[in-house]
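Next up, start.cif (mmCIF, C-alpha atoms):
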data_data
loop_
_atom_site.label_atom_id
_atom_site.label_comp_id
_atom_site.auth_asym_id
_atom_site.auth_seq_id
_atom_site.Cartn_x
_atom_site.Cartn_y
_atom_site.Cartn_z
CA MET A 1 228.61 270.22 165.89
CA LYS A 2 230.16 271.41 162.66
CA ALA A 3 228.46 272.65 159.50
CA ILE A 4 229.83 273.61 156.10
CA VAL A 5 227.96 276.32 154.23
CA THR A 6 228.68 276.19 150.49
CA ASP A 7 227.54 278.96 148.15
CA ASP A 8 229.22 281.02 145.44
CA SER A 9 227.52 284.13 146.88
CA LYS A 10 229.46 285.58 149.83
CA ALA A 11 226.30 287.33 151.04
CA THR A 12 224.35 284.06 151.15
CA ARG A 13 227.23 282.26 152.87
CA THR A 14 227.30 285.01 155.50
CA ILE A 15 223.54 284.79 156.14
CA LEU A 16 223.51 280.98 156.34
CA SER A 17 226.63 280.92 158.50
CA LYS A 18 225.07 283.38 160.95
CA LEU A 19 221.86 281.29 161.12
CA MET A 20 223.87 278.14 161.85
CA GLN A 21 226.06 279.90 164.42
CA ASP A 22 222.92 281.18 166.16
CA LEU A 23 221.90 277.50 166.38
CA ASN A 24 225.23 276.70 168.10
CA PHE A 25 227.02 275.17 165.12
CA GLU A 26 230.67 275.74 164.37
CA VAL A 27 230.68 276.84 160.73
CA GLU A 28 233.16 276.64 157.89
CA GLU A 29 232.41 278.27 154.55
CA ALA A 30 233.17 277.05 151.03
CA ALA A 31 232.70 279.08 147.84
CA ASP A 32 232.07 276.07 145.59
CA GLY A 33 231.68 272.31 145.50
CA GLY A 34 235.40 271.69 145.06
CA GLN A 35 236.18 273.62 148.24
CA LEU A 36 233.50 271.68 150.12
CA LEU A 37 234.96 268.34 149.02
CA GLU A 38 238.43 269.55 150.04
CA VAL A 39 237.16 270.40 153.54
CA LEU A 40 235.56 266.95 153.80
CA THR A 41 238.93 265.30 153.12
CA ARG A 42 240.48 266.93 156.19
CA GLU A 43 237.71 267.59 158.72
CA ALA A 44 234.81 265.79 160.40
CA VAL A 45 231.53 267.49 159.51
CA ASP A 46 228.02 266.96 160.85
CA ILE A 47 226.00 268.66 158.07
CA CYS A 48 226.49 270.40 154.72
CA LEU A 49 224.30 273.20 153.37
CA ILE A 50 224.88 273.38 149.63
CA ASP A 51 223.72 275.93 147.06
CA SER A 52 221.89 274.35 144.16
CA ASN A 53 223.38 276.52 141.41
CA MET A 54 227.13 277.11 141.56
CA PRO A 55 229.78 277.39 138.87
CA GLY A 56 231.75 274.21 138.24
CA MET A 57 229.57 271.67 140.06
CA THR A 58 225.91 272.05 140.91
CA GLY A 59 224.72 271.24 144.41
CA THR A 60 223.17 268.02 143.11
CA GLU A 61 226.50 266.95 141.57
CA VAL A 62 228.27 267.61 144.89
CA ILE A 63 225.65 265.56 146.75
CA ARG A 64 226.09 262.66 144.29
CA ILE A 65 229.84 262.69 144.92
CA MET A 66 229.31 262.80 148.69
CA LYS A 67 226.85 259.89 148.60
CA SER A 68 229.24 257.76 146.52
CA HIS A 69 232.15 258.26 148.93
CA PRO A 70 232.28 255.76 151.84
CA ALA A 71 233.43 258.34 154.41
CA TRP A 72 230.92 261.01 153.38
CA LYS A 73 227.79 259.10 152.38
CA ASN A 74 226.13 259.46 155.79
CA ILE A 75 226.73 263.20 156.21
CA PRO A 76 223.37 264.99 155.96
CA SER A 77 223.18 267.49 153.11
CA ILE A 78 220.63 270.24 152.61
CA LEU A 79 220.20 271.78 149.17
CA VAL A 80 219.59 275.53 149.31
CA THR A 81 217.60 276.69 146.30
CA ASP A 82 215.40 279.40 144.82
CA GLU A 83 213.56 276.70 142.92
CA ILE A 84 211.39 274.83 145.43
CA ALA A 85 209.22 272.14 143.79
CA SER A 86 211.47 272.14 140.74
CA GLU A 87 213.33 269.48 138.83
CA ARG A 88 216.53 270.67 140.53
CA MET A 89 215.08 270.02 143.99
CA ASN A 90 213.71 266.63 142.95
CA GLY A 91 217.05 265.72 141.39
CA ALA A 92 218.87 266.61 144.61
CA LEU A 93 216.51 264.49 146.70
CA GLU A 94 216.96 261.58 144.29
CA ALA A 95 220.75 262.05 144.55
CA GLY A 96 220.50 261.68 148.32
CA ALA A 97 219.97 265.17 149.74
CA SER A 98 218.54 265.04 153.24
CA GLY A 99 216.26 267.99 152.51
CA CYS A 100 215.84 271.27 150.68
CA LEU A 101 215.71 274.81 152.00
CA GLY A 102 214.11 277.52 149.91
CA ARG A 103 214.88 281.19 149.65
CA PRO A 104 214.11 283.53 151.23
CA LEU A 105 215.81 281.71 154.10
CA LYS A 106 213.67 281.21 157.17
CA ILE A 107 215.11 280.09 160.51
CA GLU A 108 211.94 278.10 161.27
CA LYS A 109 212.34 275.96 158.16
CA LEU A 110 216.01 275.41 158.91
CA THR A 111 215.33 274.37 162.51
CA ASP A 112 212.55 272.03 161.34
CA LEU A 113 214.96 270.33 158.94
CA LEU A 114 217.68 270.08 161.59
CA LYS A 115 215.20 268.62 164.08
CA ARG A 116 214.04 266.05 161.51
CA LEU A 117 217.68 265.07 160.96
CA GLY A 118 218.35 264.81 164.70
CA LEU A 119 220.80 267.73 164.60
CA GLU A 120 218.94 270.33 166.63
CA GLN A 121 221.13 271.66 169.44
#

As C-alpha coordinates, please, write out the structure in this file.
Amino acid sequence: MKAIVTDDSKATRTILSKLMQDLNFEVEEAADGGQLLEVLTREAVDICLIDSNMPGMTGTEVIRIMKSHPAWKNIPSILVTDEIASERMNGALEAGASGCLGRPLKIEKLTDLLKRLGLEQ
(Lines of atoms letter the chains of each structure in order from A and count residues from 1; the text may use other names and numbers.)
(Lines give C-alpha, C1' and ligand atoms only; values in the text may rest on other atoms or scores of the structure.)
Protein backbone atom coordinates (compact mmCIF):
# COMPACT_ATOMS: atom_id res chain seq x y z
CA MET A 1 0.00 0.00 0.00
CA LYS A 2 1.13 3.53 -0.73
CA ALA A 3 0.89 6.62 1.46
CA ILE A 4 1.71 10.26 0.80
CA VAL A 5 2.94 12.28 3.76
CA THR A 6 2.45 16.02 3.20
CA ASP A 7 3.95 18.60 5.54
CA ASP A 8 6.00 21.76 5.07
CA SER A 9 8.26 20.61 7.94
CA LYS A 10 10.93 18.16 6.75
CA ALA A 11 11.31 16.86 10.31
CA THR A 12 7.60 16.04 10.58
CA ARG A 13 7.60 14.41 7.13
CA THR A 14 10.53 12.25 8.21
CA ILE A 15 8.82 11.15 11.44
CA LEU A 16 5.49 10.39 9.75
CA SER A 17 7.19 8.61 6.86
CA LYS A 18 9.13 6.39 9.27
CA LEU A 19 5.92 5.54 11.18
CA MET A 20 4.16 4.60 7.94
CA GLN A 21 7.14 2.58 6.68
CA ASP A 22 7.22 0.71 9.99
CA LEU A 23 3.57 -0.18 9.24
CA ASN A 24 4.65 -1.60 5.85
CA PHE A 25 3.52 1.31 3.67
CA GLU A 26 5.48 2.55 0.70
CA VAL A 27 5.78 6.29 1.32
CA GLU A 28 6.17 9.34 -0.87
CA GLU A 29 6.66 12.77 0.65
CA ALA A 30 5.26 16.14 -0.44
CA ALA A 31 6.26 19.52 1.01
CA ASP A 32 2.91 21.20 0.30
CA GLY A 33 -0.59 20.69 -1.04
CA GLY A 34 0.42 21.46 -4.62
CA GLN A 35 3.04 18.71 -4.57
CA LEU A 36 0.51 16.27 -3.12
CA LEU A 37 -1.99 17.02 -5.89
CA GLU A 38 0.77 16.61 -8.47
CA VAL A 39 1.61 13.14 -7.09
CA LEU A 40 -2.07 12.19 -7.23
CA THR A 41 -2.18 13.00 -10.95
CA ARG A 42 0.50 10.42 -11.71
CA GLU A 43 0.33 7.70 -9.04
CA ALA A 44 -2.20 5.45 -7.32
CA VAL A 45 -2.30 6.20 -3.60
CA ASP A 46 -4.06 4.40 -0.75
CA ILE A 47 -3.95 7.14 1.91
CA CYS A 48 -2.82 10.75 2.38
CA LEU A 49 -1.56 12.24 5.65
CA ILE A 50 -1.85 16.01 5.35
CA ASP A 51 -0.58 18.77 7.63
CA SER A 52 -3.31 21.18 8.66
CA ASN A 53 -1.26 24.37 8.41
CA MET A 54 0.92 24.75 5.32
CA PRO A 55 1.83 27.74 3.18
CA GLY A 56 -0.22 28.11 0.02
CA MET A 57 -3.07 25.70 0.76
CA THR A 58 -4.18 24.49 4.16
CA GLY A 59 -4.77 20.80 4.72
CA THR A 60 -8.52 21.42 4.70
CA GLU A 61 -8.29 23.15 1.31
CA VAL A 62 -6.32 20.20 -0.09
CA ILE A 63 -8.93 17.76 1.25
CA ARG A 64 -11.75 19.80 -0.36
CA ILE A 65 -9.96 19.62 -3.71
CA MET A 66 -9.41 15.87 -3.33
CA LYS A 67 -13.05 15.24 -2.44
CA SER A 68 -14.27 17.24 -5.45
CA HIS A 69 -12.11 15.28 -7.92
CA PRO A 70 -13.72 12.08 -9.26
CA ALA A 71 -10.47 10.07 -9.22
CA TRP A 72 -9.40 11.19 -5.74
CA LYS A 73 -12.64 11.52 -3.78
CA ASN A 74 -12.42 8.03 -2.26
CA ILE A 75 -8.78 8.25 -1.12
CA PRO A 76 -8.73 8.37 2.69
CA SER A 77 -7.14 11.51 4.09
CA ILE A 78 -5.92 12.12 7.62
CA LEU A 79 -5.38 15.67 8.82
CA VAL A 80 -2.32 16.02 11.06
CA THR A 81 -2.73 18.93 13.46
CA ASP A 82 -1.58 20.53 16.70
CA GLU A 83 -5.11 21.78 17.20
CA ILE A 84 -7.23 18.79 18.19
CA ALA A 85 -10.86 19.74 18.98
CA SER A 86 -10.43 22.99 17.09
CA GLU A 87 -12.32 24.70 14.30
CA ARG A 88 -9.56 23.57 11.92
CA MET A 89 -10.13 19.91 12.79
CA ASN A 90 -13.90 20.26 12.53
CA GLY A 91 -13.53 22.05 9.19
CA ALA A 92 -11.36 19.23 7.85
CA LEU A 93 -13.87 16.59 8.92
CA GLU A 94 -16.69 18.58 7.30
CA ALA A 95 -14.56 18.83 4.12
CA GLY A 96 -14.30 15.04 4.04
CA ALA A 97 -11.20 14.11 6.03
CA SER A 98 -11.29 10.48 7.13
CA GLY A 99 -9.83 11.37 10.51
CA CYS A 100 -7.45 13.62 12.43
CA LEU A 101 -4.15 12.83 14.09
CA GLY A 102 -2.85 15.10 16.81
CA ARG A 103 0.66 15.99 17.79
CA PRO A 104 2.68 14.70 19.47
CA LEU A 105 2.35 11.81 17.03
CA LYS A 106 1.55 8.46 18.60
CA ILE A 107 1.81 5.19 16.69
CA GLU A 108 -1.18 3.77 18.59
CA LYS A 109 -3.48 6.55 17.39
CA LEU A 110 -2.22 6.17 13.83
CA THR A 111 -2.76 2.40 13.84
CA ASP A 112 -6.25 2.87 15.31
CA LEU A 113 -7.14 5.26 12.48
CA LEU A 114 -5.69 2.93 9.84
CA LYS A 115 -7.60 -0.01 11.30
CA ARG A 116 -10.84 1.99 11.28
CA LEU A 117 -10.21 2.81 7.61
CA GLY A 118 -9.46 -0.83 6.76
CA LEU A 119 -5.84 -0.01 5.89
CA GLU A 120 -3.98 -1.83 8.65
CA GLN A 121 -1.34 -4.14 7.19

The PyMOL selection byres ((chain A and resi 104) around 12) - which residues does that actually catch in the file I just gave you? List them as a CSV table (one decimal) with C-alpha atoms, keeping the file's coordinate frame.
chain,number,residue,atom,x,y,z
A,12,THR,CA,224.4,284.1,151.2
A,15,ILE,CA,223.5,284.8,156.1
A,16,LEU,CA,223.5,281.0,156.3
A,80,VAL,CA,219.6,275.5,149.3
A,81,THR,CA,217.6,276.7,146.3
A,82,ASP,CA,215.4,279.4,144.8
A,83,GLU,CA,213.6,276.7,142.9
A,84,ILE,CA,211.4,274.8,145.4
A,101,LEU,CA,215.7,274.8,152.0
A,102,GLY,CA,214.1,277.5,149.9
A,103,ARG,CA,214.9,281.2,149.6
A,105,LEU,CA,215.8,281.7,154.1
A,106,LYS,CA,213.7,281.2,157.2
A,107,ILE,CA,215.1,280.1,160.5
A,108,GLU,CA,211.9,278.1,161.3
A,109,LYS,CA,212.3,276.0,158.2
A,110,LEU,CA,216.0,275.4,158.9

How many Å separate atom CA of A:Thr6 from atom CA of A:Gln35? 8.2 Å

Pick from A:Leu36, A:Cys100, A:Ala95, A:Met66 nearest to A:Asp112, counting only C-alpha atoms: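 Once distances to A:Asp112 are computed over only C-alpha atoms, the minimum belongs to A:Cys100.
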
Which residues would end up in the selection if the PyMOL selection byres ((chain A and resi 32) around 10) were applied here, given that I need the answer as a CSV table (one decimal) with C-alpha atoms, keeping the file's coordinate frame?
chain,number,residue,atom,x,y,z
A,5,VAL,CA,228.0,276.3,154.2
A,6,THR,CA,228.7,276.2,150.5
A,7,ASP,CA,227.5,279.0,148.2
A,8,ASP,CA,229.2,281.0,145.4
A,9,SER,CA,227.5,284.1,146.9
A,29,GLU,CA,232.4,278.3,154.6
A,30,ALA,CA,233.2,277.0,151.0
A,31,ALA,CA,232.7,279.1,147.8
A,33,GLY,CA,231.7,272.3,145.5
A,34,GLY,CA,235.4,271.7,145.1
A,35,GLN,CA,236.2,273.6,148.2
A,36,LEU,CA,233.5,271.7,150.1
A,37,LEU,CA,235.0,268.3,149.0
A,50,ILE,CA,224.9,273.4,149.6
A,51,ASP,CA,223.7,275.9,147.1
A,53,ASN,CA,223.4,276.5,141.4
A,54,MET,CA,227.1,277.1,141.6
A,55,PRO,CA,229.8,277.4,138.9
A,56,GLY,CA,231.8,274.2,138.2
A,57,MET,CA,229.6,271.7,140.1
A,58,THR,CA,225.9,272.0,140.9
A,59,GLY,CA,224.7,271.2,144.4
A,62,VAL,CA,228.3,267.6,144.9

Suppose you want the space between atom CA of A:Gly96 and atom CA of A:Leu40; what is it in Å?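 Going from atom CA of A:Gly96 over to atom CA of A:Leu40, I get 16.9 Å.
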
Residue nearest A:Ser98 among A:His69, A:Lys2, A:Lys10, A:Arg64 (counting all atoms listed in the file):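 Nearest to A:Ser98: A:Arg64.
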
Name the residues captured by the PyMOL selection byres ((chain A and resi 45-48) around 6) when it is applied to the shown file; answer as a list in words.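 Applied to this file, the PyMOL selection byres ((chain A and resi 45-48) around 6) returns Lys2, Ala3, Ile4, Ala44, Leu49, Ile75, Pro76 and Ser77 of chain A.
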
My list of candidates is A:Leu113, A:Asp22, A:Leu119, A:Trp72. Which is closest to A:Glu38 when distances are computed with only C-alpha atoms? A:Trp72

Within 8 Å of A:Ala97, counting all atoms listed in the file, which residues show up once you throw out same-chain ones fewer than 5 positions away? Write them as an mmCIF file with C-alpha atoms, in the coordinates of the input, please.
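Output contents, as saved in around.cif:
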data_model
loop_
_atom_site.group_PDB
_atom_site.id
_atom_site.type_symbol
_atom_site.label_atom_id
_atom_site.label_comp_id
_atom_site.auth_asym_id
_atom_site.auth_seq_id
_atom_site.Cartn_x
_atom_site.Cartn_y
_atom_site.Cartn_z
ATOM 1 C CA THR A 60 223.170 268.020 143.110
ATOM 2 C CA ILE A 63 225.650 265.560 146.750
ATOM 3 C CA PRO A 76 223.370 264.990 155.960
ATOM 4 C CA SER A 77 223.180 267.490 153.110
ATOM 5 C CA ILE A 78 220.630 270.240 152.610
ATOM 6 C CA LEU A 79 220.200 271.780 149.170
ATOM 7 C CA ALA A 92 218.870 266.610 144.610
#

Quick one: pull the distance between atom CA of A:Pro70 and atom CA of A:Glu26, Å, one decimal.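 These atoms are spaced 23.6 Å apart.
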
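In this comparison, which uses only C-alpha atoms, the residue of A:Ser52, A:Leu117, A:Met1, A:Val27 approaching A:Asn74 most closely is A:Leu117.
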
Would you compute, for all listed atoms of stretch 11-18 of chain A, the axis-aligned bounding box grown by 6 Å on each side, and then report its centre and edge lengths in Å rounded to one decimal, as JSON?
{"center_x": 225.4, "center_y": 284.1, "center_z": 156.0, "size_x": 15.8, "size_y": 18.4, "size_z": 21.9}
